[in-house]
Number of protein chains: 2
Amino acid sequence: MALRHAVLAALLDGEFSGYQLAKAFDLGVANYWYAQPQQLYAELTRLEKDGLIAGREVVQATRPTKRLFHVTDAGLEELEEFTAAAAKPSFIRDDLLVKVQAADHVDLGALIAQLGERAAVAAAKVELFGTLLRGMRGERTEEEFLRQGDRIGPYLTCMRGLAFEQGNRDWCERTIAVLTSRQQAHAPN
Amino acid sequence: MALRHAVLAALLDGEFSGYQLAKAFDLGVANYWYAQPQQLYAELTRLEKDGLIAGREVVQATRPTKRLFHVTDAGLEELEEFTAAAAKPSFIRDDLLVKVQAADHVDLGALIAQLGERAAVAAAKVELFGTLLRGMRGERTEEEFLRQGDRIGPYLTCMRGLAFEQGNRDWCERTIAVLTSRQQAHAPN
DNA sequence: CATAGCATGTAAATTGTTACATGATTCA
DNA sequence: TGAATCATGTAACAATTTACATGCTATG
């Protein structure tokens, strides 16, 4: 039941529809949790049934009718309890790392190509998160914002996302360099 | 079916029992994939049934009988195919980040404590991965090892694990500093 | 003599992924 | 006119987690 709390945390910023949340929890943006649209619609239904969020229909002129949700008092309480309880440790699970683990036994060409793609994706996210951070702090310096801002949660998680993607990018580039030079050494001329 | 390939990749280093793999895929060590013992025993059974690994019984004098597995030719082929296919993008899913996202609405004391715990765990892993890396490269410098070593896959994934945990530790410490100063500012005297 | 480590699993419940389904509007 | 965006779901399947289960040996 962790998605549940991720959704509650996202709804602290205001009212959102399932569709809007789906964009926030998308691979391209999600800086603290990833989830698919289907999961979100299902979770929103459950959360509403349990009274942790409440939704209202918004009929639009040109667009389909949507439902905007916000956190209820019960929802806030649930979040408090969740935050107070011990956090589960984090762990690594990454396809690409599995492939690199097997690097000495497989075709390096395909692997290097995938590392390149991952590096590009990571670099794009670094850009994106940088822009998001600048947008959140506005005119203030980071120090000022973190001292005085009134909604720093998203900023802090975005900082982690940024560092994570920088790490991804740097490691991919380093690994590409290592594997490329070995590829040339073993299959020269 | 990603655990399957993670297990195959792990078995490239030699023969291992389910129990030994369980230690390698444990929270405290896993540098490229995390899995629980139950998952591993189940996956080993499937892999053997599919002919991708083969096991032999080893009767021990004082310890329970164990089964050691190694990758078959079919298993190697499977790994090749997996590595050649496009990798799934990686994503973030972390309880602690969800809690920080909600930082402006919850009790900071408990949150800061959890960030401290996570920082300590991350610092311990930084130590561990550093030791593992030194052990793998032996007398050689990192550059030399990565150029000439004959099993660099595990080294490269361990490098990523190290950087990841450094990122974790640094971010936790920074976040603790930010939240602590705000806690004092909002509830002073 | 209790705890930790060795060694392997089964079963049920929860979560997450993949595929399918619909229908209107805006933009190139 | 075809693709992308808005908007919401259902159903089947795969993966993961949690709880349960056993039994022997070494160590403090």
# chains A, B, ... in the order shown; residues from 1 in each chain; ligands from 1
>>> interface_residues(of="chain B", to="chain C", cutoff="10 Å", atoms="only C-alpha atoms (C1' of nucleotides)", output="list in words")
Ser17, Gly18, Tyr19, Gln20, Pro37, Gln38, Tyr41, Ala42, Thr62, Arg63, Pro64, Thr65, Lys66 and Arg67 of chain B
>>> select_by_dssp(residues="chain B", states="alpha helix (DSSP H)", output="PyMOL selection string")
chain B and resi 3-10+18-24+37-49+73-84+95-101+108-137+142-148+153-186
>>> atom_distance(atom1="atom CA of B:Ala110", atom2="atom CA of A:Pro154")
18.3 Å
>>> interface_residues(of="chain D", to="chain A", cutoff="8 Å", atoms="only C-alpha atoms (C1' of nucleotides)", output="ChimeraX atom specification")
/D:6-9
>>> write_last_selection(atoms="C-alpha atoms (C1' of nucleotides)", output="compact mmCIF listing (two decimals), in the first residue's frame")
# COMPACT_ATOMS: atom_id res chain seq x y z
C1' DC D 6 -7.92 14.65 -23.03
C1' DA D 7 -10.34 11.39 -20.00
C1' DT D 8 -11.56 6.99 -17.80
C1' DG D 9 -11.70 2.56 -17.05
>>> select_by_dssp(residues="stretch 54-133 of chain A", states="strand (DSSP E)", output="list of chain:residue names")
A:Ala54, A:Gly55, A:Arg56, A:Glu57, A:Val58, A:Lys66, A:Arg67, A:Leu68, A:Phe69, A:His70, A:Val71
>>> write_last_selection(atoms="N, CA, C and O atoms", output="PDB file, in the first residue's frame")
ATOM      1  N   ALA A  54     -11.596  13.055  -1.706  1.00  0.00           N
ATOM      2  CA  ALA A  54     -12.942  13.337  -2.198  1.00  0.00           C
ATOM      3  C   ALA A  54     -12.814  13.948  -3.582  1.00  0.00           C
ATOM      4  O   ALA A  54     -11.861  14.688  -3.855  1.00  0.00           O
ATOM      5  N   GLY A  55     -13.755  13.616  -4.452  1.00  0.00           N
ATOM      6  CA  GLY A  55     -13.667  14.119  -5.818  1.00  0.00           C
ATOM      7  C   GLY A  55     -14.904  14.915  -6.195  1.00  0.00           C
ATOM      8  O   GLY A  55     -15.956  14.759  -5.587  1.00  0.00           O
ATOM      9  N   ARG A  56     -14.732  15.789  -7.166  1.00  0.00           N
ATOM     10  CA  ARG A  56     -15.886  16.509  -7.680  1.00  0.00           C
ATOM     11  C   ARG A  56     -15.802  16.509  -9.194  1.00  0.00           C
ATOM     12  O   ARG A  56     -14.726  16.620  -9.787  1.00  0.00           O
ATOM     13  N   GLU A  57     -16.959  16.383  -9.827  1.00  0.00           N
ATOM     14  CA  GLU A  57     -17.007  16.349 -11.289  1.00  0.00           C
ATOM     15  C   GLU A  57     -16.844  17.749 -11.848  1.00  0.00           C
ATOM     16  O   GLU A  57     -17.440  18.699 -11.339  1.00  0.00           O
ATOM     17  N   VAL A  58     -16.056  17.852 -12.893  1.00  0.00           N
ATOM     18  CA  VAL A  58     -15.924  19.133 -13.571  1.00  0.00           C
ATOM     19  C   VAL A  58     -16.293  18.921 -15.033  1.00  0.00           C
ATOM     20  O   VAL A  58     -15.589  18.244 -15.775  1.00  0.00           O
ATOM     21  N   LYS A  66     -14.187  15.550 -16.289  1.00  0.00           N
ATOM     22  CA  LYS A  66     -13.145  14.937 -15.460  1.00  0.00           C
ATOM     23  C   LYS A  66     -13.534  15.016 -13.991  1.00  0.00           C
ATOM     24  O   LYS A  66     -14.466  15.727 -13.620  1.00  0.00           O
ATOM     25  N   ARG A  67     -12.812  14.260 -13.166  1.00  0.00           N
ATOM     26  CA  ARG A  67     -13.044  14.318 -11.725  1.00  0.00           C
ATOM     27  C   ARG A  67     -11.781  14.771 -11.023  1.00  0.00           C
ATOM     28  O   ARG A  67     -10.726  14.183 -11.175  1.00  0.00           O
ATOM     29  N   LEU A  68     -11.903  15.867 -10.262  1.00  0.00           N
ATOM     30  CA  LEU A  68     -10.766  16.410  -9.527  1.00  0.00           C
ATOM     31  C   LEU A  68     -10.837  15.947  -8.081  1.00  0.00           C
ATOM     32  O   LEU A  68     -11.890  16.030  -7.441  1.00  0.00           O
ATOM     33  N   PHE A  69      -9.696  15.478  -7.573  1.00  0.00           N
ATOM     34  CA  PHE A  69      -9.657  14.942  -6.209  1.00  0.00           C
ATOM     35  C   PHE A  69      -8.832  15.805  -5.278  1.00  0.00           C
ATOM     36  O   PHE A  69      -7.862  16.435  -5.689  1.00  0.00           O
ATOM     37  N   HIS A  70      -9.218  15.793  -4.017  1.00  0.00           N
ATOM     38  CA  HIS A  70      -8.394  16.424  -2.978  1.00  0.00           C
ATOM     39  C   HIS A  70      -8.382  15.537  -1.737  1.00  0.00           C
ATOM     40  O   HIS A  70      -9.280  14.711  -1.555  1.00  0.00           O
ATOM     41  N   VAL A  71      -7.367  15.746  -0.898  1.00  0.00           N
ATOM     42  CA  VAL A  71      -7.201  14.939   0.313  1.00  0.00           C
ATOM     43  C   VAL A  71      -8.179  15.400   1.380  1.00  0.00           C
ATOM     44  O   VAL A  71      -8.359  16.602   1.593  1.00  0.00           O
TER      45      VAL A  71
END
>>> atom_distance(atom1="atom CA of B:Gln60", atom2="atom CA of B:Lys23")
19.5 Å
>>> closest_residue(among="A:Arg4, A:Arg46, A:Arg137, A:Arg151", to="chain B", atoms="only C-alpha atoms")
A:Arg151
>>> closest_residue(among="B:Thr45, B:Thr131, B:Thr175, B:Thr72", to="chain A", atoms="only C-alpha atoms")
B:Thr175
>>> closest_residue(among="B:Glu173, B:Glu165, B:Asp104, B:Glu127", to="chain A", atoms="only C-alpha atoms")
B:Asp104
>>> closest_residue(among="B:Lys49, B:Ala84, B:Ala74, B:Gln36", to="chain A", atoms="only C-alpha atoms")
B:Ala84
>>> atom_distance(atom1="atom CA of A:Asp170", atom2="atom CA of B:Leu132")
20.6 Å
>>> decode(residues="chain C", atoms="C-alpha atoms (C1' of nucleotides)", output="short mmCIF file (atom, residue, chain, number, x, y, z; two decimals), in the first residue's frame")
data_model
loop_
_atom_site.label_atom_id
_atom_site.label_comp_id
_atom_site.auth_asym_id
_atom_site.auth_seq_id
_atom_site.Cartn_x
_atom_site.Cartn_y
_atom_site.Cartn_z
"C1'" DC C 1 20.38 -23.47 26.17
"C1'" DA C 2 19.11 -19.82 23.24
"C1'" DT C 3 20.34 -17.52 19.12
"C1'" DA C 4 22.26 -17.36 14.65
"C1'" DG C 5 23.42 -19.64 10.53
"C1'" DC C 6 22.72 -23.30 7.02
"C1'" DA C 7 19.41 -25.04 3.69
"C1'" DT C 8 15.00 -25.45 1.28
"C1'" DG C 9 10.67 -24.77 0.26
"C1'" DT C 10 4.76 -23.98 0.06
"C1'" DA C 11 0.57 -21.06 0.07
"C1'" DA C 12 -2.05 -16.98 0.18
"C1'" DA C 13 -2.48 -12.22 -0.52
"C1'" DT C 14 -1.11 -8.06 -2.57
"C1'" DT C 15 0.82 -5.35 -6.28
"C1'" DG C 16 2.07 -4.31 -10.73
"C1'" DT C 17 2.03 -5.03 -15.87
"C1'" DT C 18 0.00 -5.80 -20.35
"C1'" DA C 19 -3.67 -5.83 -23.35
"C1'" DC C 20 -8.02 -4.16 -24.51
"C1'" DA C 21 -11.83 -0.65 -24.87
"C1'" DT C 22 -14.19 3.90 -25.91
"C1'" DG C 23 -14.99 8.47 -27.69
"C1'" DA C 24 -14.40 13.39 -28.45
"C1'" DT C 25 -11.11 17.33 -29.90
"C1'" DT C 26 -7.10 19.75 -31.53
"C1'" DC C 27 -3.11 20.25 -34.33
"C1'" DA C 28 -0.07 19.42 -38.34
#
